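Quick look at input_6.txt (compact mmCIF, C-alpha atoms):
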```txt
# COMPACT_ATOMS: atom_id res chain seq x y z
CA MET D 284 -13.38 -1.09 20.11
CA MET D 285 -15.51 0.18 17.25
CA GLU D 286 -18.64 2.05 18.14
CA PHE D 287 -21.84 0.55 16.81
CA THR D 288 -22.97 2.91 14.06
CA LEU D 289 -24.57 2.21 10.71
CA VAL D 290 -21.39 3.17 8.85
CA ASN D 291 -19.21 0.91 10.98
CA PHE D 292 -21.76 -1.88 10.61
CA LEU D 293 -21.77 -1.66 6.80
CA LEU D 294 -17.99 -1.38 6.60
CA PHE D 295 -17.63 -4.39 8.86
CA MET D 296 -20.03 -6.38 6.68
CA VAL D 297 -18.17 -5.57 3.46
CA ASN D 298 -14.88 -6.33 5.18
CA CYS D 299 -16.01 -9.77 6.42
CA VAL D 300 -17.90 -10.88 3.35
CA LEU D 301 -15.66 -9.55 0.59
CA SER D 302 -12.20 -8.25 1.51
CA ASN D 303 -11.46 -10.72 4.29
CA ASN D 304 -13.49 -13.62 2.97
CA PHE D 305 -12.90 -16.66 5.19
CA ILE D 306 -12.11 -19.00 2.35
CA PHE D 307 -10.45 -16.80 -0.24
CA SER D 308 -8.19 -14.76 1.97
CA ARG D 309 -7.94 -16.58 5.32
CA TYR D 310 -8.05 -20.24 4.25
CA LEU D 311 -10.67 -21.12 6.83
CA GLY D 312 -13.27 -23.75 6.06
CA CYS D 313 -11.63 -25.20 2.97
CA CYS D 314 -12.60 -28.84 3.71
CA PRO D 315 -16.39 -28.39 3.35
CA PHE D 316 -15.71 -25.77 0.68
CA LEU D 317 -14.14 -28.44 -1.51
CA GLY D 318 -16.08 -31.41 -0.17
CA VAL D 319 -19.69 -30.18 -0.29
CA SER D 320 -19.61 -27.93 -3.35
CA SER D 321 -20.62 -30.25 -6.17
CA LYS D 322 -24.25 -29.00 -6.29
CA VAL D 323 -25.65 -25.52 -5.68
CA GLU D 324 -28.51 -26.69 -3.44
CA THR D 325 -26.36 -28.77 -1.10
CA ALA D 326 -23.76 -25.99 -1.00
CA ALA D 327 -26.42 -23.46 -0.01
CA GLY D 328 -27.74 -25.87 2.66
CA MET D 329 -24.26 -26.24 4.13
CA GLY D 330 -23.76 -22.48 4.04
CA VAL D 331 -27.01 -21.80 5.90
CA ALA D 332 -26.23 -24.45 8.53
CA VAL D 333 -22.78 -22.95 9.05
CA THR D 334 -24.24 -19.43 9.41
CA PHE D 335 -26.61 -20.64 12.10
CA VAL D 336 -23.96 -22.48 14.08
CA MET D 337 -21.31 -19.77 13.71
CA ALA D 338 -23.59 -17.04 15.06
CA LEU D 339 -24.54 -19.16 18.08
CA ALA D 340 -20.98 -20.37 18.63
CA SER D 341 -19.64 -16.80 18.62
CA LEU D 342 -22.15 -15.81 21.28
CA ILE D 343 -21.66 -18.82 23.55
CA THR D 344 -17.86 -18.92 23.36
CA TYR D 345 -17.80 -15.20 24.20
CA VAL D 346 -19.76 -15.92 27.37
CA VAL D 347 -17.64 -18.98 28.20
CA TYR D 348 -14.39 -17.09 27.70
CA TYR D 349 -15.14 -13.83 29.51
CA TYR D 350 -17.41 -15.15 32.26
CA ILE D 351 -15.86 -18.54 33.03
CA LEU D 352 -12.28 -18.83 31.75
CA VAL D 353 -11.05 -15.29 32.46
CA PRO D 354 -12.28 -15.11 36.10
CA LEU D 355 -10.65 -18.50 36.75
CA SER D 356 -7.54 -17.43 34.74
CA LEU D 357 -7.79 -20.54 32.61
CA GLN D 358 -7.45 -18.76 29.26
CA TYR D 359 -5.08 -21.43 27.95
CA LEU D 360 -7.99 -23.88 27.97
CA ASN D 361 -9.80 -21.87 25.29
CA THR D 362 -9.16 -24.34 22.44
CA ILE D 363 -10.47 -27.33 24.40
CA SER D 364 -13.50 -25.54 25.80
CA PHE D 365 -14.44 -23.90 22.50
CA ILE D 366 -14.33 -27.13 20.53
CA LEU D 367 -16.47 -28.82 23.17
CA VAL D 368 -18.94 -25.93 23.06
CA ILE D 369 -19.11 -26.21 19.28
CA ALA D 370 -19.53 -30.00 19.31
CA ALA D 371 -22.27 -29.78 21.93
CA LEU D 372 -23.93 -26.89 20.11
CA VAL D 373 -24.00 -28.77 16.83
CA GLN D 374 -25.54 -31.78 18.56
CA PHE D 375 -28.10 -29.55 20.28
CA VAL D 376 -29.01 -27.68 17.10
CA GLU D 377 -29.47 -31.02 15.39
CA MET D 378 -31.86 -32.30 18.07
CA PHE D 379 -33.71 -28.97 18.26
CA LEU D 380 -34.27 -28.80 14.50
CA LYS D 381 -35.36 -32.43 14.38
CA LYS D 382 -38.14 -31.72 16.91
CA THR D 383 -39.24 -28.26 15.82
CA VAL D 384 -38.47 -27.73 12.13
CA PRO D 385 -38.32 -31.21 10.57
CA ALA D 386 -38.29 -29.77 7.04
CA LEU D 387 -35.17 -27.72 7.72
CA TYR D 388 -33.65 -30.68 9.57
CA SER D 389 -34.08 -33.01 6.63
CA ALA D 390 -32.61 -30.37 4.35
CA LEU D 391 -29.55 -29.73 6.54
CA GLY D 392 -29.44 -33.13 8.23
CA ILE D 393 -26.24 -34.62 6.90
CA TYR D 394 -24.30 -31.34 6.96
CA LEU D 395 -24.85 -30.55 10.61
CA PRO D 396 -22.43 -33.12 12.10
CA LEU D 397 -19.78 -32.02 9.58
CA ILE D 398 -19.81 -28.50 10.99
CA THR D 399 -17.99 -29.57 14.17
CA THR D 400 -14.82 -30.08 12.15
CA ASN D 401 -15.28 -26.97 10.00
CA CYS D 402 -12.28 -24.92 10.98
CA ALA D 403 -14.08 -21.69 10.11
CA VAL D 404 -16.31 -22.16 13.18
CA LEU D 405 -13.49 -22.74 15.66
CA GLY D 406 -11.48 -20.15 13.75
CA VAL D 407 -14.05 -17.39 14.16
CA THR D 408 -14.40 -18.01 17.89
CA LEU D 409 -10.63 -17.82 18.37
CA LEU D 410 -10.38 -14.71 16.17
CA ASN D 411 -13.12 -13.01 18.20
CA ILE D 412 -10.94 -13.43 21.28
CA SER D 413 -7.62 -12.48 19.68
CA ASP D 414 -9.16 -9.42 17.95
CA GLN D 415 -10.83 -8.45 21.25
CA TYR D 416 -14.30 -7.95 19.82
CA ASN D 417 -17.11 -7.29 22.27
CA MET D 418 -20.18 -9.49 22.35
CA LEU D 419 -22.09 -7.70 19.61
CA TRP D 420 -19.19 -7.56 17.15
CA SER D 421 -18.31 -11.19 17.92
CA VAL D 422 -21.76 -12.32 16.86
CA LEU D 423 -21.69 -10.06 13.80
CA ASN D 424 -18.25 -11.43 12.93
CA GLY D 425 -19.72 -14.93 13.09
CA VAL D 426 -22.74 -14.05 10.96
CA PHE D 427 -20.90 -12.08 8.28
CA GLY D 428 -17.97 -14.48 8.20
CA ALA D 429 -20.44 -17.28 7.58
CA LEU D 430 -22.22 -15.26 4.89
CA GLY D 431 -18.86 -14.88 3.16
CA PHE D 432 -18.47 -18.65 3.39
CA LEU D 433 -21.98 -19.09 1.96
CA LEU D 434 -21.17 -16.78 -0.95
CA ALA D 435 -17.92 -18.59 -1.67
CA ILE D 436 -19.33 -22.11 -1.51
CA VAL D 437 -22.35 -21.25 -3.70
CA LEU D 438 -20.12 -19.56 -6.32
CA MET D 439 -17.85 -22.59 -6.26
CA ALA D 440 -20.74 -25.01 -6.66
CA GLY D 441 -21.99 -23.02 -9.65
CA ALA D 442 -18.57 -23.27 -11.30
CA ARG D 443 -18.28 -26.97 -10.53
CA GLU D 444 -21.69 -27.76 -11.99
CA ARG D 445 -20.44 -26.35 -15.27
CA LEU D 446 -17.25 -28.39 -15.03
CA GLU D 447 -19.27 -31.60 -15.12
CA SER D 448 -19.76 -31.28 -18.85
CA SER D 449 -16.30 -30.00 -19.75
CA ASN D 450 -13.31 -31.94 -20.91
CA ILE D 451 -10.67 -31.97 -18.16
CA PRO D 452 -7.42 -33.98 -18.23
CA ALA D 453 -7.85 -37.10 -16.09
CA ALA D 454 -5.15 -36.12 -13.62
CA PHE D 455 -6.86 -32.79 -12.90
CA LYS D 456 -10.38 -34.13 -12.32
CA GLY D 457 -11.88 -33.48 -8.91
CA PHE D 458 -9.75 -31.66 -6.37
CA PRO D 459 -6.92 -30.25 -8.53
CA ILE D 460 -9.17 -28.37 -10.95
CA SER D 461 -11.40 -27.21 -8.08
CA LEU D 462 -8.36 -25.77 -6.32
CA VAL D 463 -7.28 -23.93 -9.46
CA ILE D 464 -10.80 -22.48 -9.81
CA ALA D 465 -10.75 -21.47 -6.14
CA GLY D 466 -7.42 -19.77 -6.82
CA LEU D 467 -8.85 -17.78 -9.73
CA MET D 468 -11.86 -16.73 -7.64
CA SER D 469 -9.46 -15.76 -4.90
CA VAL D 470 -7.65 -13.47 -7.36
CA ALA D 471 -10.99 -11.79 -8.05
CA PHE D 472 -11.66 -11.40 -4.31
CA LEU D 473 -8.17 -9.96 -3.91
CA GLY D 474 -9.53 -6.98 -5.83
CA PHE D 475 -11.69 -6.11 -2.83
CA THR D 476 -8.63 -5.68 -0.60
CA GLY D 477 -8.23 -2.11 0.47
CA LEU D 478 -11.91 -1.38 -0.17
CA VAL D 479 -12.33 -1.03 3.58
CA LYS D 480 -9.58 -0.01 5.94
CA MET B 77 3.66 -61.78 7.43
CA GLY B 78 5.45 -60.94 10.68
CA LYS B 79 4.22 -58.24 12.96
CA LYS B 80 7.28 -56.09 12.28
CA GLN B 81 6.65 -56.12 8.57
CA THR B 82 3.04 -55.08 8.95
CA MET B 83 4.07 -52.20 11.15
CA ARG B 84 6.52 -51.08 8.48
CA GLY B 85 3.70 -51.47 5.99
CA VAL B 86 1.43 -49.26 8.10
CA PHE B 87 4.18 -46.64 8.33
CA ILE B 88 4.99 -46.61 4.60
CA ASN B 89 1.29 -46.60 3.77
CA GLY B 90 0.96 -43.26 5.55
CA VAL B 91 3.93 -41.71 3.77
CA LEU B 92 3.23 -42.92 0.23
CA ASN B 93 0.11 -44.90 -0.74
CA GLU B 94 -2.28 -42.98 1.49
CA ASN B 95 -0.38 -39.71 1.79
CA PRO B 96 -2.86 -37.49 3.63
CA VAL B 97 -2.15 -34.47 1.44
CA PHE B 98 -1.74 -35.86 -2.06
CA ARG B 99 -3.81 -39.03 -1.94
CA LEU B 100 -6.55 -38.35 0.63
CA VAL B 101 -6.66 -34.53 0.25
CA LEU B 102 -7.47 -33.97 3.91
CA GLY B 103 -6.79 -30.87 5.96
CA VAL B 104 -6.69 -28.39 3.11
CA CYS B 105 -6.77 -25.29 5.33
CA PRO B 106 -3.46 -25.88 7.14
CA ILE B 107 -1.91 -27.08 3.88
CA LEU B 108 -2.67 -23.75 2.24
CA ALA B 109 -2.07 -21.55 5.26
CA ALA B 110 1.21 -23.06 6.44
CA THR B 111 3.01 -23.37 3.11
CA THR B 112 3.95 -19.75 2.50
CA SER B 113 7.53 -20.90 3.09
CA ALA B 114 9.31 -24.22 3.47
CA THR B 115 10.13 -23.40 7.11
CA ASN B 116 6.48 -22.77 7.99
CA GLY B 117 5.50 -25.99 6.23
CA LEU B 118 8.08 -27.90 8.27
CA GLY B 119 6.88 -26.28 11.51
CA MET B 120 3.22 -27.07 10.86
CA GLY B 121 4.13 -30.60 9.78
CA VAL B 122 6.13 -31.31 12.93
CA ALA B 123 3.39 -29.84 15.16
CA ALA B 124 0.70 -31.93 13.46
CA THR B 125 2.90 -35.06 13.61
CA PHE B 126 3.36 -34.63 17.35
CA VAL B 127 -0.40 -34.27 17.87
CA LEU B 128 -1.14 -37.19 15.56
CA LEU B 129 1.35 -39.47 17.30
CA GLY B 130 0.17 -38.51 20.79
CA SER B 131 -3.54 -38.72 20.05
CA ASN B 132 -3.19 -42.00 18.15
CA ILE B 133 -1.35 -43.59 21.10
CA VAL B 134 -3.78 -42.33 23.75
CA ILE B 135 -6.90 -43.15 21.73
CA SER B 136 -5.56 -46.60 20.97
CA LEU B 137 -4.88 -47.18 24.69
CA LEU B 138 -8.42 -46.05 25.55
CA ARG B 139 -10.15 -47.79 22.67
CA ASN B 140 -11.76 -50.41 24.92
CA PHE B 141 -12.97 -47.85 27.46
CA ILE B 142 -14.58 -45.21 25.26
CA PRO B 143 -18.26 -45.99 24.56
CA ALA B 144 -18.96 -45.98 20.82
CA LYS B 145 -21.67 -43.32 21.13
CA VAL B 146 -19.48 -40.62 22.64
CA ARG B 147 -16.26 -41.55 20.87
CA ILE B 148 -16.06 -38.42 18.67
CA PRO B 149 -16.26 -35.92 21.59
CA ALA B 150 -13.80 -38.12 23.52
CA TYR B 151 -11.38 -38.11 20.59
CA ILE B 152 -11.71 -34.34 20.26
CA VAL B 153 -10.84 -33.83 23.93
CA VAL B 154 -7.72 -36.00 23.60
CA ILE B 155 -6.67 -34.23 20.41
CA SER B 156 -7.23 -30.73 21.79
CA THR B 157 -5.20 -31.59 24.89
CA PHE B 158 -2.20 -32.41 22.70
CA VAL B 159 -2.82 -29.32 20.58
CA THR B 160 -2.76 -27.11 23.67
CA VAL B 161 0.56 -28.71 24.69
CA VAL B 162 2.02 -28.09 21.23
CA GLN B 163 0.73 -24.53 21.18
CA MET B 164 2.43 -23.77 24.50
CA LEU B 165 5.69 -25.45 23.41
CA ILE B 166 5.81 -23.48 20.15
CA GLN B 167 4.96 -20.23 21.90
CA ALA B 168 7.77 -20.79 24.41
CA PHE B 169 10.54 -22.12 22.17
CA VAL B 170 9.84 -20.95 18.58
CA PRO B 171 7.98 -17.64 18.92
CA SER B 172 8.67 -16.69 15.28
CA LEU B 173 6.81 -19.80 14.10
CA TYR B 174 4.03 -19.04 16.59
CA ASP B 175 3.58 -15.61 14.96
CA ALA B 176 3.77 -17.01 11.43
CA LEU B 177 1.20 -19.77 11.92
CA GLY B 178 -0.99 -17.81 14.33
CA ILE B 179 -4.49 -19.15 14.58
CA PHE B 180 -3.63 -22.29 12.61
CA ILE B 181 -1.85 -23.85 15.59
CA PRO B 182 -5.03 -24.15 17.72
CA LEU B 183 -6.88 -25.11 14.54
CA ILE B 184 -4.89 -28.37 14.38
CA VAL B 185 -7.76 -29.59 16.59
CA VAL B 186 -10.12 -29.58 13.63
CA ASN B 187 -7.55 -30.85 11.13
CA CYS B 188 -9.50 -33.65 9.44
CA ILE B 189 -6.41 -35.86 9.16
CA ILE B 190 -6.08 -36.28 12.91
CA LEU B 191 -9.72 -37.08 13.60
CA ALA B 192 -9.85 -39.30 10.53
CA ARG B 193 -6.89 -41.38 11.74
CA ALA B 194 -8.38 -41.62 15.23
CA GLU B 195 -11.67 -42.81 13.79
CA ALA B 196 -10.33 -45.02 10.99
CA PHE B 197 -7.22 -46.48 12.63
CA ALA B 198 -6.37 -45.74 16.27
CA GLY B 199 -9.83 -46.64 17.56
CA LYS B 200 -9.45 -50.18 16.19
CA ASN B 201 -5.76 -51.08 16.29
CA SER B 202 -3.04 -51.85 18.85
CA VAL B 203 -0.89 -49.14 20.39
CA LEU B 204 2.27 -49.88 18.39
CA HIS B 205 0.42 -50.02 15.09
CA SER B 206 -1.39 -46.78 15.90
CA ALA B 207 1.92 -45.12 16.76
CA ALA B 208 3.38 -46.30 13.43
CA ASP B 209 0.30 -45.02 11.63
CA GLY B 210 0.55 -41.65 13.38
CA LEU B 211 4.24 -41.30 12.55
CA GLY B 212 3.75 -42.38 8.94
CA MET B 213 0.79 -40.10 8.33
CA GLY B 214 2.57 -37.25 10.11
CA LEU B 215 5.73 -37.73 8.07
CA GLY B 216 3.71 -37.90 4.84
CA PHE B 217 1.94 -34.68 5.83
CA THR B 218 5.21 -32.96 6.74
CA LEU B 219 7.00 -33.97 3.52
CA ALA B 220 4.05 -32.79 1.42
CA LEU B 221 3.92 -29.45 3.27
CA ILE B 222 7.67 -28.94 2.79
CA LEU B 223 7.34 -29.70 -0.94
CA ILE B 224 4.48 -27.25 -1.46
CA GLY B 225 6.19 -24.71 0.80
CA MET B 226 9.40 -24.94 -1.23
CA VAL B 227 7.58 -24.42 -4.55
CA ARG B 228 5.70 -21.40 -3.20
CA GLU B 229 8.78 -19.94 -1.54
CA ILE B 230 10.94 -20.30 -4.67
CA ILE B 231 8.36 -18.64 -6.91
CA GLY B 232 7.17 -16.05 -4.43
CA ASN B 233 10.42 -15.14 -2.72
CA GLY B 234 13.28 -16.75 -4.68
CA SER B 235 14.50 -18.64 -1.63
CA VAL B 236 14.34 -22.05 0.06
CA PHE B 237 14.21 -22.30 3.88
CA GLY B 238 15.03 -18.58 3.92
CA LEU B 239 18.24 -19.00 1.85
CA ASP B 240 18.32 -16.83 -1.25
CA ILE B 241 19.01 -19.17 -4.19
CA LEU B 242 17.91 -17.31 -7.29
CA GLY B 243 20.06 -14.21 -6.78
CA PRO B 244 19.18 -10.52 -6.77
CA THR B 245 18.10 -10.41 -10.45
CA PHE B 246 15.08 -12.67 -9.78
CA GLN B 247 11.73 -10.88 -9.73
CA PRO B 248 9.61 -12.70 -7.11
CA MET B 249 5.98 -13.36 -8.02
CA LEU B 250 4.43 -12.26 -4.77
CA ILE B 251 1.10 -13.85 -5.62
CA ALA B 252 2.57 -17.33 -5.03
CA ILE B 253 2.78 -16.70 -1.29
CA MET B 254 -0.57 -14.92 -1.16
CA ALA B 255 -3.93 -16.70 -0.93
CA PRO B 256 -4.66 -17.20 -4.67
CA GLY B 257 -1.20 -18.63 -5.35
CA GLY B 258 -1.72 -21.16 -2.58
CA PHE B 259 -4.88 -22.53 -4.17
CA ILE B 260 -3.54 -22.54 -7.72
CA LEU B 261 -0.11 -24.02 -6.97
CA PHE B 262 -1.55 -26.70 -4.67
CA GLY B 263 -4.02 -27.59 -7.45
CA LEU B 264 -1.25 -27.83 -10.03
CA ILE B 265 1.04 -29.88 -7.76
CA LEU B 266 -1.86 -32.21 -6.94
CA GLY B 267 -2.58 -32.67 -10.67
CA ILE B 268 1.08 -33.46 -11.39
CA VAL B 269 1.24 -35.97 -8.51
CA ASN B 270 -1.97 -37.60 -9.77
CA SER B 271 -0.58 -38.03 -13.27
CA ILE B 272 2.70 -39.50 -11.92
CA VAL B 273 0.78 -41.92 -9.69
CA SER B 274 -1.48 -43.07 -12.51
CA LYS B 275 1.57 -43.62 -14.77
CA ILE B 276 3.24 -45.73 -12.07
CA ALA B 277 0.00 -47.68 -11.53
CA LYS B 278 -0.31 -48.33 -15.27
CA ARG B 279 3.28 -49.49 -15.52
CA SER B 280 2.98 -51.90 -12.60
CA ALA B 281 -0.35 -53.17 -13.93
CA GLY B 282 1.32 -53.78 -17.33
CA LYS B 283 4.11 -55.72 -15.62
CA GLY B 284 1.54 -57.78 -13.72
CA VAL B 285 -0.13 -58.83 -16.97
CA LYS B 286 3.20 -59.84 -18.52
CA ALA B 287 4.29 -61.85 -15.51
```

Same coordinates, now as structure tokens:
Amino acid sequence: MMEFTLVNFLLFMVNCVLSNNFIFSRYLGCCPFLGVSSKVETAAGMGVAVTFVMALASLITYVVYYYILVPLSLQYLNTISFILVIAALVQFVEMFLKKTVPALYSALGIYLPLITTNCAVLGVTLLNISDQYNMLWSVLNGVFGALGFLLAIVLMAGARERLESSNIPAAFKGFPISLVIAGLMSVAFLGFTGLVK
Amino acid sequence: MGKKQTMRGVFINGVLNENPVFRLVLGVCPILAATTSATNGLGMGVAATFVLLGSNIVISLLRNFIPAKVRIPAYIVVISTFVTVVQMLIQAFVPSLYDALGIFIPLIVVNCIILARAEAFAGKNSVLHSAADGLGMGLGFTLALILIGMVREIIGNGSVFGLDILGPTFQPMLIAIMAPGGFILFGLILGIVNSIVSKIAKRSAGKGVKA
């Protein structure tokens, strides 16, 4: 396991956000990436909500896995328990925000329930286990992975706002052209590969 | 219309008219991640079909017992049970596929297609219809994954299902099986399918006017 030093921390951040971006190099979280990226503001809202949930989910699933499932040798139940944790967490975050920060709730409101089925969230919790991160790195993996998602979805929304006014063949409107754009962005992100070993 | 015909209709609907990949564009992550080769596409398709069939049947059987308010968590539990079964089966019998698909096998749980069919179809229809819907949607998903997988494998590796077809002189474009190629080729295939579908729709609409 990596020691927690400033250098390792920065390398890990660059690695998660740029070289191993969830969307552009791991294909995680593509549904909201394509579905909620028509405007920059909504995309940013979704990204922030995902960051919040992913950090909490990484922490809680770590505890669930190492303090409940491993002692009972029930590791094969990780998928079921993690998705339940995430679904409950999303519901809880929704209720908590509604009571305490109504402004943030009304901004994120409709995106919160969608996060349950964002495969980046379940993906990061499963990756934390398979990569054997400790608690600190698990949470950091969640936060930086989500920041990479935020970066990708905001960039995408910016590109799609411009597309509104351009002349696209009818058959390519909507998803097809968005996928091609995502592909071109992904080529750019491919340039970051090898930046961090 | 007889019951048999409607069931056939439900099945064909899933394969063609409402193909989950080309018409509904659901579950983009597994589509991109599992189509680096035709074999992987087939494996992911079969795994998802099994989960879809099983979860549709069970959810349809339980549709009168699950309270509306907690239906989504209940559906997720049913789906993840089947996913765990599939994961164990693949790990035991096809370890090479298990390594190739990796994290995307447990991620079938959050594949939008499966939850969408549970919510839109299995929660409201009879067991046999739900089974037909699950099979149809699963088959549509599998065929689409094989198609995309074949295109990517031919361009990126010069082979189909692992068989070398373009000979040793072919220079593979590796990018087709990497992440960017997945996005771009899926986008292009989707655009081509859209234009074919709109042509067919126009033609049949023209015929309708004449008749």

Within 10 Å of Pro396 in chain D using all atoms listed in the file, minus same-chain residues under 6 positions, as a PyMOL selection string: chain D and resi 370+373-374+376-377

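By all atoms listed in the file, and with residues fewer than 5 positions from Val185 in chain B along its chain excluded, the set lying at most 7 Å from it is Ile155, Ser156 and Val159 of chain B.
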
Within 9 Å of chain D: residues of chain B, using only C-alpha atoms, as a ChimeraX atom specification: /B:101-106,108-109,149,152-153,155-157,159-160,164,179-180,182-188,191,251,254-272,274

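Among B:Gly225, B:Pro244, B:Gly216, B:Gly282, the residue with the shortest atom-to-atom distance to Thr115 in chain B, counting only C-alpha atoms, is B:Gly225.
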
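For the choices B:Ile253, B:Met226, B:Ile133, B:Ala194, the atom-to-atom distance to Ala150 in chain B is smallest for B:Ala194 when using only C-alpha atoms.
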
Test item: residues at most 9 Å from Ala429 in chain D, all atoms listed in the file, excluding those fewer than 6 positions along its chain, as number ranges by chain: D: 299-300, 305, 330-331, 333-335, 337-338, 403-404

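Between CA of Ile88 in chain B and CA of Ala281 in chain B there is a distance of 20.4 Å.
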
Residues near Thr218 in chain B, cut-off 8 Å, all atoms listed in the file, skip fewer than 2 positions along chain, as a PyMOL selection string: chain B and resi 117-118+120-122+125+214-216+220-222

Serialized selection, C-alpha atoms, as a PDB file, in the coordinates of the input:
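As a result, result.pdb now contains:
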```
ATOM      1  CA  GLY B 117       5.500 -25.990   6.230  1.00  0.00           C
ATOM      2  CA  LEU B 118       8.080 -27.900   8.270  1.00  0.00           C
ATOM      3  CA  MET B 120       3.220 -27.070  10.860  1.00  0.00           C
ATOM      4  CA  GLY B 121       4.130 -30.600   9.780  1.00  0.00           C
ATOM      5  CA  VAL B 122       6.130 -31.310  12.930  1.00  0.00           C
ATOM      6  CA  THR B 125       2.900 -35.060  13.610  1.00  0.00           C
ATOM      7  CA  GLY B 214       2.570 -37.250  10.110  1.00  0.00           C
ATOM      8  CA  LEU B 215       5.730 -37.730   8.070  1.00  0.00           C
ATOM      9  CA  GLY B 216       3.710 -37.900   4.840  1.00  0.00           C
ATOM     10  CA  ALA B 220       4.050 -32.790   1.420  1.00  0.00           C
ATOM     11  CA  LEU B 221       3.920 -29.450   3.270  1.00  0.00           C
ATOM     12  CA  ILE B 222       7.670 -28.940   2.790  1.00  0.00           C
TER      13      ILE B 222
END
```

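A straight line drawn from CA of Ile276 in chain B to CA of Gly212 in chain B is 21.3 Å long.
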
Computed interatomic separation between CA of Ile436 in chain D and CA of Ala326 in chain D (Å): 5.9 Å

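Proximity ranking of B:Ala198, B:Leu100, B:Val154, B:Leu211 relative to Arg84 in chain B places B:Leu211 first, based on only C-alpha atoms.
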